[in-house]
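Structure data follow from my_file.cif (mmCIF, C-alpha atoms and all ligand atoms):
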```cif
data_my_file
loop_
_atom_site.label_atom_id
_atom_site.label_comp_id
_atom_site.auth_asym_id
_atom_site.auth_seq_id
_atom_site.Cartn_x
_atom_site.Cartn_y
_atom_site.Cartn_z
CA MET A 1 -12.93 -28.98 -76.19
CA LEU A 2 -16.32 -27.33 -75.94
CA VAL A 3 -19.47 -29.39 -76.56
CA GLU A 4 -22.96 -28.07 -77.09
CA ARG A 5 -25.77 -30.58 -77.33
CA ILE A 6 -28.74 -29.34 -79.36
CA TRP A 7 -32.15 -30.92 -78.77
CA SER A 8 -34.06 -30.95 -82.05
CA GLY A 9 -37.54 -31.21 -80.58
CA ASN A 10 -38.56 -33.25 -83.65
CA PHE A 11 -40.58 -36.47 -83.53
CA LEU A 12 -37.46 -38.57 -84.17
CA ARG A 13 -35.97 -37.06 -81.02
CA ASN A 14 -32.61 -36.23 -82.65
CA PHE A 15 -29.73 -34.81 -80.68
CA HIS A 16 -27.20 -32.72 -82.60
CA TYR A 17 -23.78 -31.69 -81.30
CA LEU A 18 -21.36 -28.88 -81.90
CA ILE A 19 -17.76 -29.64 -80.90
CA ALA A 20 -15.62 -26.51 -80.82
CA CYS A 21 -12.03 -25.42 -80.22
CA PRO A 22 -11.97 -22.88 -77.37
CA GLN A 23 -8.97 -21.10 -78.91
CA THR A 24 -10.09 -20.60 -82.50
CA GLY A 25 -13.89 -20.97 -82.29
CA GLU A 26 -13.88 -23.47 -85.17
CA ALA A 27 -16.62 -26.08 -84.76
CA LEU A 28 -17.66 -29.46 -86.09
CA ALA A 29 -21.38 -30.27 -86.32
CA VAL A 30 -22.41 -33.90 -85.71
CA ASP A 31 -25.47 -35.14 -87.68
CA PRO A 32 -27.04 -31.66 -88.01
CA LEU A 33 -30.48 -32.58 -89.36
CA GLU A 34 -32.12 -29.41 -87.99
CA TRP A 35 -29.24 -27.42 -89.39
CA ARG A 36 -30.69 -23.97 -88.74
CA MET A 37 -30.73 -24.72 -85.01
CA CYS A 38 -27.06 -25.69 -85.25
CA LEU A 39 -26.23 -22.50 -87.11
CA THR A 40 -28.07 -20.38 -84.55
CA ALA A 41 -26.25 -22.11 -81.67
CA ALA A 42 -22.88 -21.58 -83.36
CA GLU A 43 -23.61 -17.90 -83.93
CA ARG A 44 -24.72 -17.45 -80.33
CA ASN A 45 -21.39 -18.90 -79.15
CA GLY A 46 -19.32 -16.99 -81.70
CA TRP A 47 -18.25 -20.23 -83.38
CA GLU A 48 -17.70 -20.97 -87.06
CA ILE A 49 -18.86 -24.38 -88.33
CA THR A 50 -16.07 -25.64 -90.59
CA GLN A 51 -16.85 -29.38 -90.64
CA ILE A 52 -19.93 -31.59 -90.67
CA LEU A 53 -19.67 -35.20 -89.51
CA ASN A 54 -22.28 -37.83 -90.39
CA THR A 55 -22.06 -40.86 -88.10
CA HIS A 56 -23.85 -42.92 -90.77
CA GLU A 57 -25.92 -42.69 -93.93
CA HIS A 58 -29.50 -42.52 -92.62
CA SER A 59 -31.34 -39.44 -93.77
CA ASP A 60 -32.25 -38.33 -90.25
CA HIS A 61 -28.50 -37.78 -89.80
CA THR A 62 -27.53 -36.47 -93.25
CA GLY A 63 -30.62 -34.45 -94.19
CA GLY A 64 -29.12 -31.16 -92.98
CA ASN A 65 -25.83 -31.43 -94.88
CA ALA A 66 -26.83 -29.42 -97.93
CA GLY A 67 -28.44 -26.60 -95.97
CA LEU A 68 -25.58 -26.25 -93.51
CA LYS A 69 -22.91 -26.58 -96.19
CA GLY A 70 -24.69 -23.91 -98.22
CA ALA A 71 -24.69 -21.56 -95.25
CA THR A 72 -21.13 -22.22 -94.01
CA GLU A 73 -19.09 -23.94 -96.77
CA ALA A 74 -18.21 -26.57 -94.17
CA LYS A 75 -16.57 -29.80 -95.34
CA VAL A 76 -18.64 -32.99 -95.03
CA LEU A 77 -16.97 -35.99 -93.37
CA ALA A 78 -18.37 -39.52 -93.21
CA HIS A 79 -17.37 -43.20 -93.19
CA ALA A 80 -15.70 -43.97 -96.53
CA GLY A 81 -18.07 -46.94 -96.91
CA ALA A 82 -21.14 -44.69 -96.60
CA ALA A 83 -19.86 -41.79 -98.74
CA ALA A 84 -21.44 -42.97 -102.01
CA ARG A 85 -24.85 -43.36 -100.37
CA ILE A 86 -24.62 -39.96 -98.65
CA GLY A 87 -23.24 -37.98 -101.61
CA GLY A 88 -21.27 -34.73 -101.42
CA VAL A 89 -18.75 -36.15 -98.94
CA ASP A 90 -15.44 -34.24 -98.92
CA ARG A 91 -13.48 -36.62 -96.68
CA GLY A 92 -14.05 -40.36 -96.35
CA LEU A 93 -13.11 -41.72 -92.92
CA ALA A 94 -11.66 -45.04 -91.75
CA LYS A 95 -10.83 -46.61 -88.40
CA GLY A 96 -8.08 -44.70 -86.58
CA ASP A 97 -8.38 -41.49 -88.59
CA VAL A 98 -8.15 -38.32 -86.51
CA ILE A 99 -10.33 -35.27 -87.11
CA ARG A 100 -8.85 -31.98 -85.93
CA VAL A 101 -11.05 -29.06 -84.98
CA GLY A 102 -9.18 -25.79 -84.62
CA ARG A 103 -5.89 -26.00 -82.71
CA THR A 104 -6.90 -28.02 -79.67
CA VAL A 105 -9.48 -30.69 -80.49
CA GLU A 106 -8.67 -34.18 -81.72
CA LEU A 107 -11.39 -36.72 -82.40
CA GLU A 108 -10.52 -40.34 -83.18
CA CYS A 109 -12.72 -42.29 -85.58
CA LEU A 110 -13.95 -45.67 -84.36
CA ASP A 111 -15.32 -48.04 -87.00
CA THR A 112 -18.49 -49.28 -85.29
CA PRO A 113 -20.69 -51.44 -87.56
CA GLY A 114 -24.02 -52.91 -86.48
CA HIS A 115 -26.74 -50.25 -86.79
CA THR A 116 -25.49 -49.86 -90.35
CA MET A 117 -22.34 -51.50 -91.68
CA ALA A 118 -20.60 -48.14 -92.26
CA HIS A 119 -20.98 -46.28 -88.97
CA ILE A 120 -18.43 -43.99 -87.30
CA CYS A 121 -18.27 -43.09 -83.62
CA LEU A 122 -16.01 -40.23 -82.52
CA LEU A 123 -13.90 -40.51 -79.39
CA SER A 124 -12.38 -37.27 -78.11
CA ARG A 125 -8.76 -37.26 -77.05
CA THR A 126 -9.42 -35.39 -73.83
CA GLU A 127 -8.70 -36.13 -70.18
CA GLU A 128 -12.35 -37.08 -69.71
CA PRO A 129 -13.21 -38.75 -73.02
CA ALA A 130 -16.47 -38.12 -74.85
CA LEU A 131 -18.05 -40.57 -77.28
CA PHE A 132 -20.31 -39.30 -80.07
CA CYS A 133 -22.03 -42.55 -80.95
CA GLY A 134 -24.81 -41.81 -83.45
CA ASP A 135 -27.27 -44.72 -83.54
CA THR A 136 -24.84 -47.36 -82.20
CA LEU A 137 -25.24 -46.82 -78.46
CA PHE A 138 -28.15 -44.94 -76.92
CA ASN A 139 -28.52 -43.98 -73.28
CA ALA A 140 -29.64 -47.30 -71.77
CA GLY A 141 -30.09 -48.90 -75.20
CA ALA A 142 -28.65 -50.04 -78.53
CA GLY A 143 -29.43 -49.05 -82.11
CA ASN A 144 -31.74 -51.18 -84.21
CA CYS A 145 -30.33 -53.27 -87.05
CA TYR A 146 -33.22 -53.53 -89.50
CA ASN A 147 -32.24 -50.75 -91.87
CA GLY A 148 -28.90 -51.91 -93.24
CA GLY A 149 -27.30 -53.39 -90.12
CA ARG A 150 -26.59 -56.73 -88.44
CA PRO A 151 -27.07 -57.49 -84.71
CA GLU A 152 -24.05 -59.82 -84.63
CA ALA A 153 -21.84 -56.94 -85.83
CA LEU A 154 -23.39 -54.62 -83.24
CA TYR A 155 -22.58 -57.21 -80.56
CA ASP A 156 -18.93 -57.21 -81.64
CA THR A 157 -18.87 -53.40 -81.55
CA PHE A 158 -20.36 -53.33 -78.04
CA VAL A 159 -18.09 -56.01 -76.58
CA ASN A 160 -14.82 -55.33 -78.38
CA GLN A 161 -14.93 -51.54 -78.57
CA LEU A 162 -17.53 -49.72 -76.46
CA ALA A 163 -17.24 -51.87 -73.32
CA ARG A 164 -13.47 -51.31 -73.33
CA LEU A 165 -13.64 -47.52 -73.28
CA PRO A 166 -12.61 -45.72 -70.07
CA ALA A 167 -15.38 -45.88 -67.45
CA SER A 168 -15.62 -42.08 -67.29
CA THR A 169 -16.33 -41.72 -71.05
CA ARG A 170 -19.36 -39.50 -71.56
CA VAL A 171 -21.99 -40.87 -73.95
CA TYR A 172 -23.49 -38.52 -76.57
CA PRO A 173 -25.95 -40.46 -78.77
CA GLY A 174 -27.88 -39.39 -81.86
CA HIS A 175 -31.35 -39.65 -80.27
CA GLU A 176 -33.02 -39.15 -76.90
CA TYR A 177 -34.72 -42.44 -75.93
CA LEU A 178 -33.70 -42.68 -72.28
CA ALA A 179 -37.05 -43.28 -70.56
CA ARG A 180 -38.25 -45.80 -73.13
CA ASN A 181 -34.94 -47.67 -72.97
CA LEU A 182 -34.99 -47.75 -69.16
CA GLU A 183 -38.48 -49.24 -69.31
CA PHE A 184 -37.07 -51.98 -71.55
CA THR A 185 -34.20 -52.55 -69.08
CA LEU A 186 -36.72 -52.95 -66.25
CA ASP A 187 -38.90 -55.25 -68.35
CA ARG A 188 -35.85 -57.46 -68.94
CA GLU A 189 -34.36 -57.07 -65.46
CA PRO A 190 -37.03 -56.18 -62.90
CA GLY A 191 -35.56 -54.67 -59.76
CA ASN A 192 -32.55 -53.01 -61.40
CA GLN A 193 -32.21 -50.20 -58.84
CA ASP A 194 -30.00 -47.96 -60.95
CA ALA A 195 -32.48 -48.08 -63.84
CA GLU A 196 -35.45 -47.47 -61.51
CA THR A 197 -33.81 -44.44 -59.93
CA LEU A 198 -32.87 -42.88 -63.26
CA LEU A 199 -36.29 -43.60 -64.77
CA GLY A 200 -37.86 -41.58 -61.96
CA THR A 201 -36.25 -38.43 -63.36
CA ALA A 202 -36.10 -39.42 -67.05
CA ARG A 203 -39.91 -39.79 -67.28
CA HIS A 204 -40.42 -36.11 -66.57
CA HIS A 205 -37.20 -34.49 -67.74
CA ASP A 206 -36.83 -31.76 -70.31
CA PRO A 207 -34.99 -33.60 -73.15
CA ALA A 208 -32.90 -30.48 -73.70
CA ALA A 209 -31.50 -31.01 -70.20
CA ALA A 210 -31.36 -34.82 -70.26
CA THR A 211 -28.73 -36.66 -68.25
CA VAL A 212 -25.42 -37.33 -69.96
CA THR A 213 -24.47 -40.86 -68.96
CA SER A 214 -21.01 -42.43 -68.75
CA ILE A 215 -19.85 -45.83 -69.93
CA ALA A 216 -19.67 -46.90 -66.24
CA GLN A 217 -23.33 -45.92 -65.79
CA GLU A 218 -24.35 -47.63 -69.04
CA LYS A 219 -22.92 -50.89 -67.69
CA LEU A 220 -25.43 -50.62 -64.82
CA ILE A 221 -28.56 -49.56 -66.73
CA ASN A 222 -28.14 -50.88 -70.27
CA SER A 223 -29.22 -54.50 -70.87
CA PHE A 224 -26.95 -54.66 -73.92
CA PHE A 225 -23.92 -54.36 -71.60
CA ARG A 226 -25.32 -56.85 -69.05
CA LEU A 227 -25.22 -60.04 -71.08
CA GLN A 228 -24.06 -62.31 -68.23
CA ASN A 229 -26.70 -61.10 -65.79
CA PRO A 230 -28.59 -64.17 -64.41
CA ARG A 231 -31.92 -62.34 -64.19
CA ILE A 232 -31.69 -61.14 -67.79
CA ILE A 233 -30.86 -64.67 -68.95
CA ALA A 234 -33.71 -66.18 -66.90
CA ARG A 235 -36.22 -63.68 -68.36
CA LEU A 236 -34.86 -64.32 -71.84
CA ARG A 237 -35.43 -68.06 -71.46
CA GLU A 238 -39.08 -67.31 -70.64
CA ALA A 239 -39.39 -65.52 -74.00
CA PHE A 240 -37.30 -68.09 -75.89
CA PRO A 241 -37.92 -71.52 -74.26
CA ASP A 242 -35.51 -73.25 -76.66
CA LEU A 243 -32.58 -71.20 -75.37
CA GLU A 244 -29.97 -73.25 -73.54
CA GLU A 245 -29.44 -72.74 -69.81
CA LEU A 246 -26.23 -70.74 -70.18
CA PRO A 247 -26.43 -69.03 -73.58
CA ASP A 248 -23.31 -67.28 -74.84
CA ALA A 249 -23.18 -63.48 -74.66
CA ARG A 250 -23.62 -63.06 -78.42
CA THR A 251 -26.87 -65.02 -78.37
CA VAL A 252 -28.14 -63.00 -75.39
CA PHE A 253 -27.37 -59.74 -77.22
CA VAL A 254 -29.05 -60.83 -80.46
CA LYS A 255 -32.16 -62.08 -78.62
CA LEU A 256 -32.41 -58.86 -76.59
CA ARG A 257 -32.19 -56.86 -79.81
CA GLU A 258 -34.90 -59.05 -81.33
CA LEU A 259 -37.20 -58.45 -78.33
CA ARG A 260 -36.52 -54.71 -78.41
CA ASN A 261 -37.61 -54.62 -82.08
CA ARG A 262 -41.16 -55.56 -81.16
CA TRP A 263 -41.31 -54.08 -77.67
ZN ZN B 301 -29.71 -44.54 -88.11
ZN ZN B 302 -31.07 -41.92 -86.29
#
```

Please, can you express the file's structure as structure tokens?
Ligand SMILES: [Zn+2]
Ligand SMILES: [Zn+2]
Amino acid sequence: MLVERIWSGNFLRNFHYLIACPQTGEALAVDPLEWRMCLTAAERNGWEITQILNTHEHSDHTGGNAGLKGATEAKVLAHAGAAARIGGVDRGLAKGDVIRVGRTVELECLDTPGHTMAHICLLSRTEEPALFCGDTLFNAGAGNCYNGGRPEALYDTFVNQLARLPASTRVYPGHEYLARNLEFTLDREPGNQDAETLLGTARHHDPAAATVTSIAQEKLINSFFRLQNPRIIARLREAFPDLEELPDARTVFVKLRELRNRW
């Protein structure tokens, strides 16, 4: 499996991905908003884009479908529950479906509600897995839930699906928010050494060359995976004095998400 991450350079800070079969050169484009950049990257590599995957229905992920489909005749794939809102979807996806790219690439569809209620993450079936997670999981952060989602559902997705992925899984999100998210981590958990170290480079990095994190690393730097951490809970009780002394993990997640909304 070949992966090319494409930095949009737009104000929404989108990342796009091309996932290609090394044998046939067929490629799948993930959320190709700036579709001309995706087309240029495919041509440079000698790849042919045959499929487009939308992780969810928001226009900053689907807005390039028509242009790219017009240029390539690629098929559009999306969560079956989002297909009507997206329009022009050729294949509706459900949990457990497998997307094949060329002869060698297999991508499993995870049904990951929370940011919206019809959101797909792709997990590659490779020795070192890769997760294409749209707006569900960001590097050091979690997607918002105020445009069609629910934080309780996002909690379930984090705990029951993402946290159980192999530690080495590489994380490929839909946007580049690393420095801002690390600042939130450090606001919630002052002294988190892993977050401090990474922030030192993330503040000045070229987004096109940003760090690709792993699930193991996310568990160190991402507050939304650190729901039992005593310092996070203590800081949360300062913000929400009515919170009980040992709040359950779901409550911690929902309150963190609430704070992040206005942070
Ligand atoms: Zn979104
Ligand atoms: Zn987005």

Environment of ligand ZN 302 (chain B) within 8 Å, counting all atoms listed in the file, reported as a ChimeraX atom specification: /A:12,14,58-61,134-135,174-175

Return as an mmCIF file with C-alpha atoms, keeping the file's coordinate frame every polymer residue, whether protein, DNA or RNA, with at least one atom no more than 12 Å from an atom of ligand ZN 301 (chain B); count all atoms listed in the file.
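Saved to pocket-v4.cif:
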```cif
data_model
loop_
_atom_site.group_PDB
_atom_site.id
_atom_site.type_symbol
_atom_site.label_atom_id
_atom_site.label_comp_id
_atom_site.auth_asym_id
_atom_site.auth_seq_id
_atom_site.Cartn_x
_atom_site.Cartn_y
_atom_site.Cartn_z
ATOM 1 C CA LEU A 12 -37.460 -38.570 -84.170
ATOM 2 C CA ASN A 14 -32.610 -36.230 -82.650
ATOM 3 C CA ASP A 31 -25.470 -35.140 -87.680
ATOM 4 C CA ASN A 54 -22.280 -37.830 -90.390
ATOM 5 C CA THR A 55 -22.060 -40.860 -88.100
ATOM 6 C CA HIS A 56 -23.850 -42.920 -90.770
ATOM 7 C CA GLU A 57 -25.920 -42.690 -93.930
ATOM 8 C CA HIS A 58 -29.500 -42.520 -92.620
ATOM 9 C CA SER A 59 -31.340 -39.440 -93.770
ATOM 10 C CA ASP A 60 -32.250 -38.330 -90.250
ATOM 11 C CA HIS A 61 -28.500 -37.780 -89.800
ATOM 12 C CA THR A 62 -27.530 -36.470 -93.250
ATOM 13 C CA GLY A 63 -30.620 -34.450 -94.190
ATOM 14 C CA PRO A 113 -20.690 -51.440 -87.560
ATOM 15 C CA GLY A 114 -24.020 -52.910 -86.480
ATOM 16 C CA HIS A 115 -26.740 -50.250 -86.790
ATOM 17 C CA THR A 116 -25.490 -49.860 -90.350
ATOM 18 C CA MET A 117 -22.340 -51.500 -91.680
ATOM 19 C CA ALA A 118 -20.600 -48.140 -92.260
ATOM 20 C CA HIS A 119 -20.980 -46.280 -88.970
ATOM 21 C CA ILE A 120 -18.430 -43.990 -87.300
ATOM 22 C CA CYS A 133 -22.030 -42.550 -80.950
ATOM 23 C CA GLY A 134 -24.810 -41.810 -83.450
ATOM 24 C CA ASP A 135 -27.270 -44.720 -83.540
ATOM 25 C CA THR A 136 -24.840 -47.360 -82.200
ATOM 26 C CA LEU A 137 -25.240 -46.820 -78.460
ATOM 27 C CA PHE A 138 -28.150 -44.940 -76.920
ATOM 28 C CA ALA A 142 -28.650 -50.040 -78.530
ATOM 29 C CA GLY A 143 -29.430 -49.050 -82.110
ATOM 30 C CA ASN A 144 -31.740 -51.180 -84.210
ATOM 31 C CA CYS A 145 -30.330 -53.270 -87.050
ATOM 32 C CA TYR A 146 -33.220 -53.530 -89.500
ATOM 33 C CA ASN A 147 -32.240 -50.750 -91.870
ATOM 34 C CA GLY A 148 -28.900 -51.910 -93.240
ATOM 35 C CA GLY A 149 -27.300 -53.390 -90.120
ATOM 36 C CA PRO A 173 -25.950 -40.460 -78.770
ATOM 37 C CA GLY A 174 -27.880 -39.390 -81.860
ATOM 38 C CA HIS A 175 -31.350 -39.650 -80.270
#
```

Select, from A:Ala202, A:Ala179, A:Ala195, A:Ala74, the residue with the minimum atom-to-atom distance to Ile49 in chain A, counting only C-alpha atoms. A:Ala74

For a quick check of understanding, using only C-alpha atoms, which of A:Asn160, A:Asp111, A:Val105, A:Leu53 has the smallest distance to Asp90 in chain A? A:Leu53

For Thr201 in chain A, the nearest of the candidates A:Val101, A:Leu131, A:Leu182, A:Leu162, counting only C-alpha atoms: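 Nearest candidate to Thr201 in chain A out of A:Val101, A:Leu131, A:Leu182, A:Leu162: A:Leu182.
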
note - CA of Ala20 in chain A and CA of Ala82 in chain A are separated by 24.7 Å

Between A:Trp47, A:Tyr177, A:Phe224, A:Trp35, which is the closest to Arg203 in chain A once you count all atoms listed in the file?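 Closest candidate: A:Tyr177.
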
Taking 2 positions as the minimum chain separation for residues in the same chain, which residues sit within 12 Å of Asp248 in chain A when counting all atoms listed in the file? Answer as a PDB file with C-alpha atoms, keeping the file's coordinate frame.
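Resulting contents of part.pdb:
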```pdb
ATOM      1  CA  TYR A 155     -22.580 -57.210 -80.560  1.00  0.00           C
ATOM      2  CA  LEU A 227     -25.220 -60.040 -71.080  1.00  0.00           C
ATOM      3  CA  GLN A 228     -24.060 -62.310 -68.230  1.00  0.00           C
ATOM      4  CA  ASN A 229     -26.700 -61.100 -65.790  1.00  0.00           C
ATOM      5  CA  ILE A 233     -30.860 -64.670 -68.950  1.00  0.00           C
ATOM      6  CA  LEU A 243     -32.580 -71.200 -75.370  1.00  0.00           C
ATOM      7  CA  GLU A 244     -29.970 -73.250 -73.540  1.00  0.00           C
ATOM      8  CA  GLU A 245     -29.440 -72.740 -69.810  1.00  0.00           C
ATOM      9  CA  LEU A 246     -26.230 -70.740 -70.180  1.00  0.00           C
ATOM     10  CA  ARG A 250     -23.620 -63.060 -78.420  1.00  0.00           C
ATOM     11  CA  THR A 251     -26.870 -65.020 -78.370  1.00  0.00           C
ATOM     12  CA  VAL A 252     -28.140 -63.000 -75.390  1.00  0.00           C
ATOM     13  CA  PHE A 253     -27.370 -59.740 -77.220  1.00  0.00           C
ATOM     14  CA  VAL A 254     -29.050 -60.830 -80.460  1.00  0.00           C
ATOM     15  CA  LYS A 255     -32.160 -62.080 -78.620  1.00  0.00           C
TER      16      LYS A 255
END
```

Residues within 12 Å of Arg100 in chain A, please, as a ChimeraX atom specification. Count all atoms listed in the file; anything in the same chain fewer than 4 positions from it doesn't count. /A:1,19-21,24,26-28,50-51,53,77,104-109,122-125

Keeping C-alpha atoms for every residue in the selection just given, could you write it to a file as a compact mmCIF listing (two decimals), in the coordinates of the input?
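Now in selection_30.txt:
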```
# COMPACT_ATOMS: atom_id res chain seq x y z
CA MET A 1 -12.93 -28.98 -76.19
CA ILE A 19 -17.76 -29.64 -80.90
CA ALA A 20 -15.62 -26.51 -80.82
CA CYS A 21 -12.03 -25.42 -80.22
CA THR A 24 -10.09 -20.60 -82.50
CA GLU A 26 -13.88 -23.47 -85.17
CA ALA A 27 -16.62 -26.08 -84.76
CA LEU A 28 -17.66 -29.46 -86.09
CA THR A 50 -16.07 -25.64 -90.59
CA GLN A 51 -16.85 -29.38 -90.64
CA LEU A 53 -19.67 -35.20 -89.51
CA LEU A 77 -16.97 -35.99 -93.37
CA THR A 104 -6.90 -28.02 -79.67
CA VAL A 105 -9.48 -30.69 -80.49
CA GLU A 106 -8.67 -34.18 -81.72
CA LEU A 107 -11.39 -36.72 -82.40
CA GLU A 108 -10.52 -40.34 -83.18
CA CYS A 109 -12.72 -42.29 -85.58
CA LEU A 122 -16.01 -40.23 -82.52
CA LEU A 123 -13.90 -40.51 -79.39
CA SER A 124 -12.38 -37.27 -78.11
CA ARG A 125 -8.76 -37.26 -77.05
```

Using all atoms listed in the file, which of the listed residues (A:Glu183, A:Leu33, A:Pro22, A:Arg226) sits closest to Gly46 in chain A? A:Pro22

Which residue, A:Ala163, A:Ala84, A:Ala234, A:Ala249, has the smallest gap to Leu220 in chain A when you use all atoms listed in the file? A:Ala163

In Å, how far is it from CA of Arg164 in chain A to CA of Val212 in chain A?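 Calculated distance between CA of Arg164 in chain A and CA of Val212 in chain A is 18.7 Å.
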
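By all atoms listed in the file, and with residues fewer than 6 positions from Glu4 in chain A along its chain excluded, the set lying at most 10 Å from it is His16, Tyr17, Leu18, Ile19, Ala20, Ala29, Cys38, Ala41, Ala42 and Asn45 of chain A.
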
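Of note, CA of Glu73 in chain A and CA of Gly25 in chain A are spaced 15.7 Å apart.
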
Within 7 Å of Phe15 in chain A using all atoms listed in the file, minus same-chain residues under 4 positions, as a VMD selection string: chain A and resid 5 to 8 174 to 176
